[in-house]
$ cat start39.pdb   # PDB, C-alpha atoms
ATOM      1  CA  MET A 825      -2.225  59.714  28.505
ATOM      2  CA  LYS A 826      -0.502  56.670  29.972
ATOM      3  CA  ARG A 827      -1.063  56.000  33.633
ATOM      4  CA  LEU A 828       1.907  55.677  35.950
ATOM      5  CA  LEU A 829       1.477  52.733  38.292
ATOM      6  CA  VAL A 830       3.273  53.027  41.607
ATOM      7  CA  SER A 831       3.539  50.064  43.970
ATOM      8  CA  PRO A 832       4.812  49.974  47.554
ATOM      9  CA  SER A 833       8.513  49.465  48.206
ATOM     10  CA  PRO A 834      10.818  47.609  48.145
ATOM     11  CA  HIS A 835      11.475  47.612  44.416
ATOM     12  CA  ILE A 836      13.944  44.916  43.430
ATOM     13  CA  HIS A 837      15.384  44.655  39.945
ATOM     14  CA  GLY A 838      17.198  41.597  38.683
ATOM     15  CA  ASP A 839      19.156  40.841  35.526
ATOM     16  CA  GLU A 840      17.161  37.681  34.836
ATOM     17  CA  SER A 841      14.479  37.639  32.175
ATOM     18  CA  THR A 842      12.215  34.920  30.855
ATOM     19  CA  GLY A 843      14.397  34.651  27.782
ATOM     20  CA  SER A 844      17.642  34.275  29.732
ATOM     21  CA  LEU A 845      16.127  31.651  32.019
ATOM     22  CA  MET A 846      14.755  29.642  29.093
ATOM     23  CA  ARG A 847      18.137  29.826  27.355
ATOM     24  CA  ASP A 848      19.831  28.463  30.462
ATOM     25  CA  VAL A 849      17.425  25.514  30.558
ATOM     26  CA  ILE A 850      18.084  24.802  26.866
ATOM     27  CA  ILE A 851      21.837  24.931  27.558
ATOM     28  CA  ALA A 852      21.348  22.522  30.471
ATOM     29  CA  LEU A 853      19.521  20.147  28.125
ATOM     30  CA  SER A 854      22.380  20.256  25.596
ATOM     31  CA  PRO A 855      24.431  17.374  27.074
ATOM     32  CA  SER A 856      21.410  15.072  26.970
ATOM     33  CA  LEU A 857      20.494  16.211  23.459
ATOM     34  CA  LEU A 858      24.060  15.703  22.187
ATOM     35  CA  VAL A 859      24.215  12.205  23.687
ATOM     36  CA  SER A 860      20.887  11.361  22.052
ATOM     37  CA  ILE A 861      22.216  12.570  18.693
ATOM     38  CA  TYR A 862      25.251  10.330  19.156
ATOM     39  CA  PHE A 863      23.072   7.266  19.690
ATOM     40  CA  PHE A 864      20.084   8.059  17.470
ATOM     41  CA  GLY A 865      21.526  10.332  14.770
ATOM     42  CA  PHE A 866      19.102  12.244  12.562
ATOM     43  CA  SER A 867      16.069  10.845  14.371
ATOM     44  CA  ALA A 868      16.882  12.856  17.523
ATOM     45  CA  ILE A 869      17.563  16.020  15.500
ATOM     46  CA  LYS A 870      14.335  15.556  13.542
ATOM     47  CA  LEU A 871      12.173  15.259  16.662
ATOM     48  CA  ALA A 872      13.802  18.261  18.363
ATOM     49  CA  LEU A 873      13.527  20.472  15.247
ATOM     50  CA  VAL A 874       9.924  19.511  14.485
ATOM     51  CA  GLY A 875       8.984  20.054  18.124
ATOM     52  CA  ALA A 876      10.662  23.437  18.507
ATOM     53  CA  LEU A 877       9.495  24.817  15.148
ATOM     54  CA  THR A 878       5.921  23.590  15.567
ATOM     55  CA  CYS A 879       5.593  24.959  19.100
ATOM     56  CA  VAL A 880       6.945  28.350  18.039
ATOM     57  CA  ALA A 881       4.666  28.465  14.976
ATOM     58  CA  VAL A 882       1.531  27.477  16.915
ATOM     59  CA  GLU A 883       2.171  30.056  19.631
ATOM     60  CA  TYR A 884       2.842  32.765  17.028
ATOM     61  CA  LEU A 885      -0.330  32.025  15.061
ATOM     62  CA  ILE A 886      -2.540  31.931  18.154
ATOM     63  CA  GLN A 887      -1.152  35.157  19.600
ATOM     64  CA  LYS A 888      -1.119  36.961  16.255
ATOM     65  CA  TYR A 889      -4.469  35.973  14.788
ATOM     66  CA  LEU A 890      -6.666  34.545  17.576
ATOM     67  CA  MET A 891      -5.704  36.350  20.763
ATOM     68  CA  LYS A 892      -4.388  39.429  18.918
ATOM     69  CA  THR A 893      -1.859  40.097  21.650
ATOM     70  CA  LYS A 894       1.869  40.719  21.739
ATOM     71  CA  VAL A 895       3.828  37.857  20.200
ATOM     72  CA  THR A 896       6.208  36.396  22.805
ATOM     73  CA  ILE A 897       7.971  33.636  20.903
ATOM     74  CA  GLY A 898      11.242  35.501  21.490
ATOM     75  CA  ASP A 899      11.302  34.353  25.118
ATOM     76  CA  TYR A 900      12.266  30.799  23.977
ATOM     77  CA  SER A 901       9.586  29.183  26.174
ATOM     78  CA  ALA A 902       7.751  27.694  23.179
ATOM     79  CA  ALA A 903      10.974  26.331  21.689
ATOM     80  CA  LEU A 904      11.911  24.825  25.053
ATOM     81  CA  THR A 905       8.535  23.081  25.251
ATOM     82  CA  GLY A 906       9.176  21.502  21.860
ATOM     83  CA  VAL A 907      12.630  20.269  22.839
ATOM     84  CA  LEU A 908      11.365  18.856  26.140
ATOM     85  CA  LEU A 909       8.553  17.026  24.389
ATOM     86  CA  ALA A 910      11.020  15.591  21.875
ATOM     87  CA  LEU A 911      13.181  14.285  24.708
ATOM     88  CA  ASN A 912      10.135  12.480  26.122
ATOM     89  CA  LEU A 913       9.374  10.550  22.922
ATOM     90  CA  PRO A 914      10.724   7.208  21.670
ATOM     91  CA  PRO A 915      13.651   7.760  19.293
ATOM     92  CA  ASN A 916      11.854   6.029  16.411
ATOM     93  CA  ALA A 917       8.672   8.117  16.743
ATOM     94  CA  PRO A 918       7.484   9.539  13.380
ATOM     95  CA  TRP A 919       7.609  13.290  12.795
ATOM     96  CA  TRP A 920       3.821  13.655  12.683
ATOM     97  CA  ILE A 921       3.532  12.332  16.245
ATOM     98  CA  MET A 922       5.881  15.116  17.299
ATOM     99  CA  PHE A 923       3.783  17.627  15.341
ATOM    100  CA  ILE A 924       0.501  16.562  16.978
ATOM    101  CA  GLY A 925       2.033  16.574  20.450
ATOM    102  CA  SER A 926       3.434  20.067  19.913
ATOM    103  CA  VAL A 927       0.063  21.434  18.797
ATOM    104  CA  VAL A 928      -1.584  19.966  21.904
ATOM    105  CA  ALA A 929       1.184  21.209  24.208
ATOM    106  CA  ILE A 930       1.023  24.827  23.033
ATOM    107  CA  GLY A 931      -2.484  25.151  21.621
ATOM    108  CA  ILE A 932      -4.318  23.406  24.468
ATOM    109  CA  ALA A 933      -2.086  23.136  27.530
ATOM    110  CA  LYS A 934      -0.542  26.609  27.286
ATOM    111  CA  MET A 935      -2.456  29.113  25.153
ATOM    112  CA  THR A 936      -5.935  27.974  26.223
ATOM    113  CA  PHE A 937      -5.073  29.233  29.707
ATOM    114  CA  GLY A 938      -3.774  32.545  28.372
ATOM    115  CA  GLY A 939      -0.129  31.843  27.582
ATOM    116  CA  LEU A 940       3.120  31.808  29.545
ATOM    117  CA  GLY A 941       2.655  32.149  33.285
ATOM    118  CA  GLN A 942      -1.028  31.212  33.310
ATOM    119  CA  ASN A 943      -1.108  27.509  32.441
ATOM    120  CA  LEU A 944      -1.901  25.057  35.239
ATOM    121  CA  PHE A 945      -0.216  21.975  33.762
ATOM    122  CA  ASN A 946       3.229  21.500  32.224
ATOM    123  CA  PRO A 947       2.631  21.847  28.445
ATOM    124  CA  ALA A 948       5.262  19.323  27.331
ATOM    125  CA  LEU A 949       3.899  16.665  29.678
ATOM    126  CA  VAL A 950       0.332  17.305  28.568
ATOM    127  CA  GLY A 951       1.499  16.737  25.005
ATOM    128  CA  ARG A 952       3.292  13.534  25.966
ATOM    129  CA  VAL A 953       0.401  12.076  27.959
ATOM    130  CA  PHE A 954      -2.031  12.961  25.145
ATOM    131  CA  LEU A 955       0.163  11.057  22.695
ATOM    132  CA  LEU A 956       0.605   8.138  25.099
ATOM    133  CA  ILE A 957      -3.152   7.728  25.496
ATOM    134  CA  SER A 958      -3.974   8.374  21.828
ATOM    135  CA  PHE A 959      -1.132   6.392  20.211
ATOM    136  CA  PRO A 960      -0.057   3.832  22.853
ATOM    137  CA  VAL A 961       1.577   1.419  20.399
ATOM    138  CA  ILE A 962       3.869   4.056  18.885
ATOM    139  CA  MET A 963       4.596   5.733  22.224
ATOM    140  CA  THR A 964       5.646   2.477  23.891
ATOM    141  CA  ASP A 965       7.642   1.052  20.987
ATOM    142  CA  TYR A 966      11.300   1.026  21.989
ATOM    143  CA  THR A 967      12.173  -2.239  20.257
ATOM    144  CA  THR A 968      14.015  -0.642  17.334
ATOM    145  CA  ILE A 969      16.501   2.158  17.783
ATOM    146  CA  PRO A 970      17.494   4.185  14.689
ATOM    147  CA  ASP A 971      21.066   3.925  13.494
ATOM    148  CA  SER A 972      23.348   6.818  14.402
ATOM    149  CA  TRP A 973      25.788   8.595  12.097
ATOM    150  CA  PHE A 974      28.462   7.974  14.731
ATOM    151  CA  ARG A 975      27.796   4.232  14.987
ATOM    152  CA  PRO A 976      27.804   3.033  11.362
ATOM    153  CA  GLY A 977      27.242  -0.574  10.449
ATOM    154  CA  VAL A 978      24.501  -1.150  13.019
ATOM    155  CA  ASP A 979      21.061  -1.334  11.431
ATOM    156  CA  ALA A 980      19.085  -1.593  14.658
ATOM    157  CA  VAL A 981      19.465  -2.718  18.209
ATOM    158  CA  THR A 982      16.991  -3.944  20.774
ATOM    159  CA  GLY A 983      16.045  -1.106  23.062
ATOM    160  CA  ALA A 984      13.146  -2.062  25.320
ATOM    161  CA  THR A 985      13.288   0.005  28.492
ATOM    162  CA  PRO A 986      14.560  -1.684  31.655
ATOM    163  CA  LEU A 987      11.306  -0.762  33.409
ATOM    164  CA  ALA A 988       9.249  -2.383  30.653
ATOM    165  CA  ILE A 989      11.428  -5.498  30.747
ATOM    166  CA  VAL A 990      10.991  -5.775  34.517
ATOM    167  CA  LYS A 991       7.230  -5.120  34.316
ATOM    168  CA  GLU A 992       6.759  -7.771  31.630
ATOM    169  CA  GLY A 993       8.967 -10.300  33.400
ATOM    170  CA  LEU A 994       7.150  -9.923  36.715
ATOM    171  CA  ALA A 995       3.806 -10.288  34.922
ATOM    172  CA  LYS A 996       5.038 -13.647  33.582
ATOM    173  CA  GLY A 997       5.849 -14.836  37.109
ATOM    174  CA  MET A 998       9.611 -14.337  36.913
ATOM    175  CA  THR A 999      11.685 -13.041  39.814
ATOM    176  CA  LEU A1000      13.977 -10.027  39.589
ATOM    177  CA  THR A1001      17.015 -12.293  39.937
ATOM    178  CA  GLU A1002      15.921 -14.183  36.821
ATOM    179  CA  ILE A1003      15.096 -10.965  34.932
ATOM    180  CA  TYR A1004      18.435  -9.334  35.806
ATOM    181  CA  GLY A1005      20.293 -12.514  34.875
ATOM    182  CA  GLN A1006      18.744 -12.612  31.412
ATOM    183  CA  ASN A1007      19.320  -8.941  30.643
ATOM    184  CA  ASP A1008      22.667  -8.204  32.294
ATOM    185  CA  PHE A1009      21.622  -4.839  33.749
ATOM    186  CA  SER A1010      24.526  -2.674  34.882
ATOM    187  CA  TYR A1011      24.371   0.447  37.058
ATOM    188  CA  LEU A1012      27.343   1.947  35.232
ATOM    189  CA  GLU A1013      25.638   1.397  31.891
ATOM    190  CA  MET A1014      22.498   3.070  33.222
ATOM    191  CA  LEU A1015      24.537   6.018  34.464
ATOM    192  CA  TYR A1016      26.534   6.627  31.293
ATOM    193  CA  THR A1017      24.606   5.096  28.391
ATOM    194  CA  LYS A1018      21.224   3.517  28.982
ATOM    195  CA  ILE A1019      20.091   2.802  25.428
ATOM    196  CA  GLY A1020      16.530   1.722  26.151
ATOM    197  CA  GLY A1021      14.157   4.608  26.773
ATOM    198  CA  SER A1022      13.014   7.935  25.390
ATOM    199  CA  VAL A1023      15.344  10.311  23.565
ATOM    200  CA  GLY A1024      16.195  12.199  26.765
ATOM    201  CA  GLU A1025      16.686   9.145  28.973
ATOM    202  CA  VAL A1026      19.806   7.859  27.244
ATOM    203  CA  SER A1027      22.337   9.055  29.812
ATOM    204  CA  ALA A1028      21.680   9.791  33.476
ATOM    205  CA  LEU A1029      25.089  11.462  33.680
ATOM    206  CA  ALA A1030      24.156  13.964  30.944
ATOM    207  CA  LEU A1031      21.005  14.879  32.856
ATOM    208  CA  LEU A1032      22.971  15.319  36.087
ATOM    209  CA  LEU A1033      25.397  17.638  34.299
ATOM    210  CA  GLY A1034      22.430  19.732  33.241
ATOM    211  CA  PHE A1035      21.173  19.717  36.837
ATOM    212  CA  ALA A1036      24.533  20.992  38.082
ATOM    213  CA  TYR A1037      24.469  23.800  35.498
ATOM    214  CA  LEU A1038      20.960  24.902  36.515
ATOM    215  CA  LEU A1039      21.984  24.986  40.178
ATOM    216  CA  TYR A1040      25.169  26.922  39.355
ATOM    217  CA  ARG A1041      23.176  29.475  37.368
ATOM    218  CA  LYS A1042      20.539  29.574  40.144
ATOM    219  CA  VAL A1043      17.822  28.897  37.599
ATOM    220  CA  ILE A1044      16.188  26.332  39.883
ATOM    221  CA  LYS A1045      16.363  25.384  43.535
ATOM    222  CA  PRO A1046      17.367  21.829  44.505
ATOM    223  CA  HIS A1047      14.285  21.234  46.665
ATOM    224  CA  ILE A1048      11.980  19.653  44.066
ATOM    225  CA  PRO A1049      14.482  17.341  42.294
ATOM    226  CA  LEU A1050      15.999  16.155  45.580
ATOM    227  CA  ALA A1051      12.565  15.626  47.140
ATOM    228  CA  ILE A1052      11.455  13.523  44.159
ATOM    229  CA  ILE A1053      14.666  11.488  43.914
ATOM    230  CA  GLY A1054      14.859  11.026  47.694
ATOM    231  CA  THR A1055      11.230   9.905  47.919
ATOM    232  CA  VAL A1056      11.619   7.460  45.033
ATOM    233  CA  MET A1057      14.715   5.988  46.705
ATOM    234  CA  VAL A1058      13.117   5.709  50.161
ATOM    235  CA  PHE A1059       9.740   4.366  49.008
ATOM    236  CA  SER A1060      11.216   1.916  46.497
ATOM    237  CA  GLY A1061      13.828   0.938  49.104
ATOM    238  CA  ILE A1062      11.107   0.007  51.589
ATOM    239  CA  LEU A1063       9.325  -2.121  48.984
ATOM    240  CA  TRP A1064      12.633  -3.707  47.974
ATOM    241  CA  LEU A1065      13.434  -4.632  51.586
ATOM    242  CA  VAL A1066       9.984  -6.190  51.942
ATOM    243  CA  ASN A1067      10.397  -8.323  48.808
ATOM    244  CA  PRO A1068      13.636  -7.934  46.785
ATOM    245  CA  GLU A1069      12.414 -10.432  44.195
ATOM    246  CA  GLN A1070       9.355  -8.370  43.255
ATOM    247  CA  TYR A1071      10.427  -4.748  43.719
ATOM    248  CA  THR A1072      13.438  -3.000  42.211
ATOM    249  CA  ASP A1073      16.128  -1.494  44.446
ATOM    250  CA  PRO A1074      16.465   2.280  44.983
ATOM    251  CA  VAL A1075      19.408   2.836  42.607
ATOM    252  CA  PHE A1076      17.713   0.964  39.771
ATOM    253  CA  SER A1077      14.497   2.901  40.398
ATOM    254  CA  VAL A1078      16.238   6.279  40.056
ATOM    255  CA  LEU A1079      18.561   5.514  37.137
ATOM    256  CA  THR A1080      15.872   3.918  34.970
ATOM    257  CA  GLY A1081      12.928   5.609  33.320
ATOM    258  CA  GLY A1082      12.271   9.319  33.428
ATOM    259  CA  VAL A1083      12.833  10.144  37.101
ATOM    260  CA  LEU A1084      15.897  12.312  36.455
ATOM    261  CA  LEU A1085      14.523  13.976  33.308
ATOM    262  CA  GLY A1086      11.176  14.648  34.960
ATOM    263  CA  SER A1087      12.457  15.826  38.332
ATOM    264  CA  ILE A1088      15.154  18.146  36.940
ATOM    265  CA  PHE A1089      13.518  19.659  33.871
ATOM    266  CA  MET A1090       9.747  19.086  34.065
ATOM    267  CA  ALA A1091       8.716  19.284  37.703
ATOM    268  CA  THR A1092      10.762  22.449  38.280
ATOM    269  CA  ASP A1093       8.831  24.509  35.732
ATOM    270  CA  TYR A1094       8.304  27.929  37.341
ATOM    271  CA  VAL A1095       4.670  28.269  36.305
ATOM    272  CA  THR A1096       3.435  24.849  37.407
ATOM    273  CA  SER A1097       5.461  24.326  40.608
ATOM    274  CA  PRO A1098       5.079  25.857  44.108
ATOM    275  CA  MET A1099       6.747  29.122  45.108
ATOM    276  CA  SER A1100       7.715  28.331  48.714
ATOM    277  CA  ASN A1101      10.404  25.910  49.847
ATOM    278  CA  LYS A1102       7.942  23.936  51.996
ATOM    279  CA  GLY A1103       5.533  23.746  49.095
ATOM    280  CA  MET A1104       8.316  22.510  46.803
ATOM    281  CA  ILE A1105       9.243  19.725  49.200
ATOM    282  CA  ILE A1106       5.652  18.523  49.623
ATOM    283  CA  TYR A1107       5.169  18.771  45.862
ATOM    284  CA  GLY A1108       8.290  16.698  45.223
ATOM    285  CA  ILE A1109       7.367  14.071  47.806
ATOM    286  CA  GLY A1110       3.933  13.725  46.206
ATOM    287  CA  ILE A1111       5.480  13.203  42.772
ATOM    288  CA  GLY A1112       7.881  10.587  44.125
ATOM    289  CA  VAL A1113       5.166   8.618  45.929
ATOM    290  CA  ILE A1114       2.785   8.622  42.943
ATOM    291  CA  THR A1115       5.599   7.623  40.575
ATOM    292  CA  VAL A1116       6.519   4.560  42.637
ATOM    293  CA  LEU A1117       2.853   3.579  43.070
ATOM    294  CA  ILE A1118       2.172   3.721  39.324
ATOM    295  CA  ARG A1119       5.369   1.867  38.479
ATOM    296  CA  ASN A1120       4.711  -0.998  40.863
ATOM    297  CA  PHE A1121       0.936  -1.234  40.999
ATOM    298  CA  GLY A1122      -0.332   0.549  37.875
ATOM    299  CA  ALA A1123      -0.746  -0.478  34.263
ATOM    300  CA  TYR A1124       2.223   1.561  32.983
ATOM    301  CA  PRO A1125       5.868   0.728  33.720
ATOM    302  CA  GLU A1126       6.607   4.466  34.128
ATOM    303  CA  GLY A1127       4.630   7.011  36.137
ATOM    304  CA  ILE A1128       6.637  10.227  36.414
ATOM    305  CA  SER A1129       4.609  12.103  33.754
ATOM    306  CA  PHE A1130       1.268  11.302  35.371
ATOM    307  CA  ALA A1131       2.686  12.064  38.818
ATOM    308  CA  ILE A1132       3.895  15.536  37.817
ATOM    309  CA  LEU A1133       0.581  16.418  36.151
ATOM    310  CA  ILE A1134      -1.390  15.233  39.182
ATOM    311  CA  MET A1135       0.751  17.323  41.513
ATOM    312  CA  ASN A1136       0.536  20.306  39.111
ATOM    313  CA  SER A1137      -3.142  20.454  40.046
ATOM    314  CA  THR A1138      -2.259  20.856  43.738
ATOM    315  CA  VAL A1139       0.066  23.824  43.214
ATOM    316  CA  PRO A1140      -2.599  26.517  43.770
ATOM    317  CA  LEU A1141      -3.413  24.957  47.152
ATOM    318  CA  LEU A1142       0.264  24.599  48.075
ATOM    319  CA  ASN A1143       0.869  28.238  47.168
ATOM    320  CA  LYS A1144      -2.102  29.279  49.284
ATOM    321  CA  TYR A1145      -1.112  27.431  52.440
ATOM    322  CA  PHE A1146       2.672  27.660  52.190
ATOM    323  CA  LYS A1147       3.454  31.255  51.332
ATOM    324  CA  PRO A1148       6.996  32.722  51.353
ATOM    325  CA  VAL A1149       7.765  35.089  54.244
ATOM    326  CA  ARG A1150       6.901  38.660  53.254
ATOM    327  CA  PHE A1151       9.788  41.098  52.968
ATOM    328  CA  GLY A1152      10.219  43.004  56.237
ATOM    329  CA  LYS A1153       8.042  40.659  58.288
ATOM    330  CA  GLU A1154       9.433  39.813  61.694
ATOM    331  CA  VAL A1155      10.213  36.125  62.029
ATOM    332  CA  LYS A1156       9.906  34.539  65.467
ATOM    333  CA  HIS A1157      12.777  32.302  66.517
ATOM    334  CA  GLY A1158      12.816  29.666  69.184
TER     335      GLY A1158
END

$ encode --input "start39.pdb" --output "structure tokens"
Amino acid sequence: MKRLLVSPSPHIHGDESTGSLMRDVIIALSPSLLVSIYFFGFSAIKLALVGALTCVAVEYLIQKYLMKTKVTIGDYSAALTGVLLALNLPPNAPWWIMFIGSVVAIGIAKMTFGGLGQNLFNPALVGRVFLLISFPVIMTDYTTIPDSWFRPGVDAVTGATPLAIVKEGLAKGMTLTEIYGQNDFSYLEMLYTKIGGSVGEVSALALLLGFAYLLYRKVIKPHIPLAIIGTVMVFSGILWLVNPEQYTDPVFSVLTGGVLLGSIFMATDYVTSPMSNKGMIIYGIGIGVITVLIRNFGAYPEGISFAILIMNSTVPLLNKYFKPVRFGKEVKHG
């Protein structure tokens, strides 16, 4: 006989489900994915398909034959992990890199902890960082961008990331004025079509459109993305005011690299981010500070992935000390 479990009121039912939320995130990623297909052609499609299919297959096999539990690939979370990982890879990355990263993301970062809702770290970012450490040459090679179906006649174009160009130039003793002069950086180009970077970093505008959709659908709250972006702007702005020839300005710092992709789609993951508004803000500030520190004083030109994973580890503490107000509890004012 099945037991009937009764919990105290209130009982609130919503129309949202894991599947509907994951679908909304995939829809929000569509503008960025379509822009990447325009610039990179089949290469972008290949990475996204290999990532999604591999993640779904790995989760199915583990749940079916190892854990022997209910298969939950229908909630789209595994497919979303694959797409997110693909958007974090260089456009010329080989398919087997995508395959290995997907196996690590689902098999180690997600299913080892018990599956959806139990993992401590963002699976897609674990996969990316694993690949970055294991295959640094491939994961930092942006020098050749695949030809797109929509841009025929171009065999390859130089696509080193602006952050990498700045990092390398400063290491050679150049000033930012000299670096900018040689590379003709444009804020408008970074906003609409920034060629250099991972598959998902092509267009800041496409990412912002996805952000607007997620806010409209109430899939995420604005606290984490705004806290990250605001902190990156303030911290980098202070450094820039101290020495504008050695530190990039706030707008450049936000529009380049993976700040927008990471803050909108990776840091806001329900499972690995805080539940309370105060916790979200502290979490976002921590990510922003660590990102700027790694960018300016670390070995890597980009730091958003490491920053999110580091702050993922603080989420249990943030949830413990910054709990949402319980329903029905009297709140003191004044």

$ closest_residue --input "start39.pdb" --among "A:Thr1096, A:Ser1060, A:Ser1010, A:Thr964" --to "Pro914 in chain A" --atoms "only C-alpha atoms"
A:Thr964

$ residues_around --input "start39.pdb" --residues "range 1120-1129 of chain A" --least-positions-apart "5" --cutoff "9 Å" --atoms "all atoms listed in the file" --output "list in words"
Leu949, Val950, Arg952, Val953, Leu987, Ala988, Ile989, Val990, Lys991, Glu992, Tyr1071, Gly1081, Gly1082, Val1083, Gly1086, Ser1087, Met1090, Ile1111, Gly1112, Ile1114, Thr1115 and Ile1134 of chain A

$ residues_around --input "start39.pdb" --residues "Tyr884 in chain A" --least-positions-apart "4" --cutoff "8 Å" --atoms "all atoms listed in the file" --output "list in words"
Val880, Lys888, Val895, Thr896 and Ile897 of chain A

$ closest_residue --input "start39.pdb" --among "A:Asn916, A:Ser1097, A:Thr985, A:Thr878" --to "Gly941 in chain A" --atoms "all atoms listed in the file"
A:Ser1097

$ closest_residue --input "start39.pdb" --among "A:Ile886, A:Ala1051, A:Ala910, A:Ile1088" --to "Ala1036 in chain A" --atoms "all atoms listed in the file"
A:Ile1088

$ axis_aligned_box --input "start39.pdb" --around "range 988-995 of chain A" --padding-each-side "6 Å" --output "lines of an AutoDock Vina configuration file"
center_x = 7.6
center_y = -6.3
center_z = 33.7
size_x = 19.6
size_y = 19.9
size_z = 18.1

$ residues_around --input "start39.pdb" --residues "Ile1106 in chain A" --least-positions-apart "6" --cutoff "12 Å" --atoms "all atoms listed in the file" --output "count of residues only"
22

$ resolve_selection --input "start39.pdb" --expression "the PyMOL selection byres ((chain A and resi 922) around 12)" --output "PyMOL selection string"
chain A and resi 867-879+905-921+923-929+948+951-952+954-956+959+962-963

$ closest_residue --input "start39.pdb" --among "A:Ser841, A:Asn1067, A:Leu1084, A:Gly1054" --to "Ala1028 in chain A" --atoms "only C-alpha atoms"
A:Leu1084

$ atom_distance --input "start39.pdb" --atom1 "CA of Val1023 in chain A" --atom2 "CA of Leu1085 in chain A"
10.4 Å

$ atom_distance --input "start39.pdb" --atom1 "CA of Tyr1016 in chain A" --atom2 "CA of Leu1029 in chain A"
5.6 Å

$ closest_residue --input "start39.pdb" --among "A:Leu1000, A:Leu1133, A:Met891, A:Met1104" --to "Thr936 in chain A" --atoms "only C-alpha atoms"
A:Met891

$ atom_distance --input "start39.pdb" --atom1 "CA of Ile932 in chain A" --atom2 "CA of Pro855 in chain A"
29.5 Å

$ resolve_selection --input "start39.pdb" --expression "the PyMOL selection byres ((chain A and resi 1037-1044) around 7)" --output "list in words"
Leu845, Val849, Ala852, Leu1033, Gly1034, Phe1035, Ala1036, Lys1045, Pro1046 and Thr1092 of chain A

$ closest_residue --input "start39.pdb" --among "A:Ser1137, A:Ser1077, A:Thr842, A:Asn1101" --to "Arg1119 in chain A" --atoms "only C-alpha atoms"
A:Ser1077

$ residues_near_point --input "start39.pdb" --point "(25.7, 8.0, 30.3)" --cutoff "8 Å" --atoms "all atoms listed in the file" --output "list in words"
Val859, Leu1012, Glu1013, Met1014, Leu1015, Tyr1016, Thr1017, Lys1018, Val1026, Ser1027, Ala1028, Leu1029 and Ala1030 of chain A

$ build_atoms --input "start39.pdb" --residues "range 955-967 of chain A" --atoms "N, CA and C atoms" --output "PDB file, keeping the file's coordinate frame"
ATOM      1  N   LEU A 955      -0.341  11.997  23.695  1.00  0.00           N
ATOM      2  CA  LEU A 955       0.163  11.057  22.695  1.00  0.00           C
ATOM      3  C   LEU A 955       0.182   9.628  23.232  1.00  0.00           C
ATOM      4  N   LEU A 956       0.544   9.470  24.501  1.00  0.00           N
ATOM      5  CA  LEU A 956       0.605   8.138  25.099  1.00  0.00           C
ATOM      6  C   LEU A 956      -0.766   7.481  25.134  1.00  0.00           C
ATOM      7  N   ILE A 957      -1.799   8.266  25.439  1.00  0.00           N
ATOM      8  CA  ILE A 957      -3.152   7.728  25.496  1.00  0.00           C
ATOM      9  C   ILE A 957      -3.725   7.521  24.095  1.00  0.00           C
ATOM     10  N   SER A 958      -3.407   8.430  23.178  1.00  0.00           N
ATOM     11  CA  SER A 958      -3.974   8.374  21.828  1.00  0.00           C
ATOM     12  C   SER A 958      -3.245   7.390  20.915  1.00  0.00           C
ATOM     13  N   PHE A 959      -1.937   7.279  21.067  1.00  0.00           N
ATOM     14  CA  PHE A 959      -1.132   6.392  20.211  1.00  0.00           C
ATOM     15  C   PHE A 959      -0.245   5.502  21.084  1.00  0.00           C
ATOM     16  N   PRO A 960      -0.840   4.616  21.888  1.00  0.00           N
ATOM     17  CA  PRO A 960      -0.057   3.832  22.853  1.00  0.00           C
ATOM     18  C   PRO A 960       0.967   2.899  22.216  1.00  0.00           C
ATOM     19  N   VAL A 961       0.644   2.351  21.053  1.00  0.00           N
ATOM     20  CA  VAL A 961       1.577   1.419  20.399  1.00  0.00           C
ATOM     21  C   VAL A 961       2.855   2.137  19.983  1.00  0.00           C
ATOM     22  N   ILE A 962       2.699   3.289  19.335  1.00  0.00           N
ATOM     23  CA  ILE A 962       3.869   4.056  18.885  1.00  0.00           C
ATOM     24  C   ILE A 962       4.650   4.590  20.076  1.00  0.00           C
ATOM     25  N   MET A 963       3.943   5.086  21.089  1.00  0.00           N
ATOM     26  CA  MET A 963       4.596   5.733  22.224  1.00  0.00           C
ATOM     27  C   MET A 963       5.272   4.757  23.176  1.00  0.00           C
ATOM     28  N   THR A 964       5.000   3.479  23.032  1.00  0.00           N
ATOM     29  CA  THR A 964       5.646   2.477  23.891  1.00  0.00           C
ATOM     30  C   THR A 964       6.521   1.517  23.087  1.00  0.00           C
ATOM     31  N   ASP A 965       6.810   1.898  21.847  1.00  0.00           N
ATOM     32  CA  ASP A 965       7.642   1.052  20.987  1.00  0.00           C
ATOM     33  C   ASP A 965       9.099   1.489  21.068  1.00  0.00           C
ATOM     34  N   TYR A 966       9.858   0.755  21.861  1.00  0.00           N
ATOM     35  CA  TYR A 966      11.300   1.026  21.989  1.00  0.00           C
ATOM     36  C   TYR A 966      12.127  -0.137  21.438  1.00  0.00           C
ATOM     37  N   THR A 967      11.490  -1.021  20.679  1.00  0.00           N
ATOM     38  CA  THR A 967      12.173  -2.239  20.257  1.00  0.00           C
ATOM     39  C   THR A 967      13.203  -2.003  19.169  1.00  0.00           C
TER      40      THR A 967
END
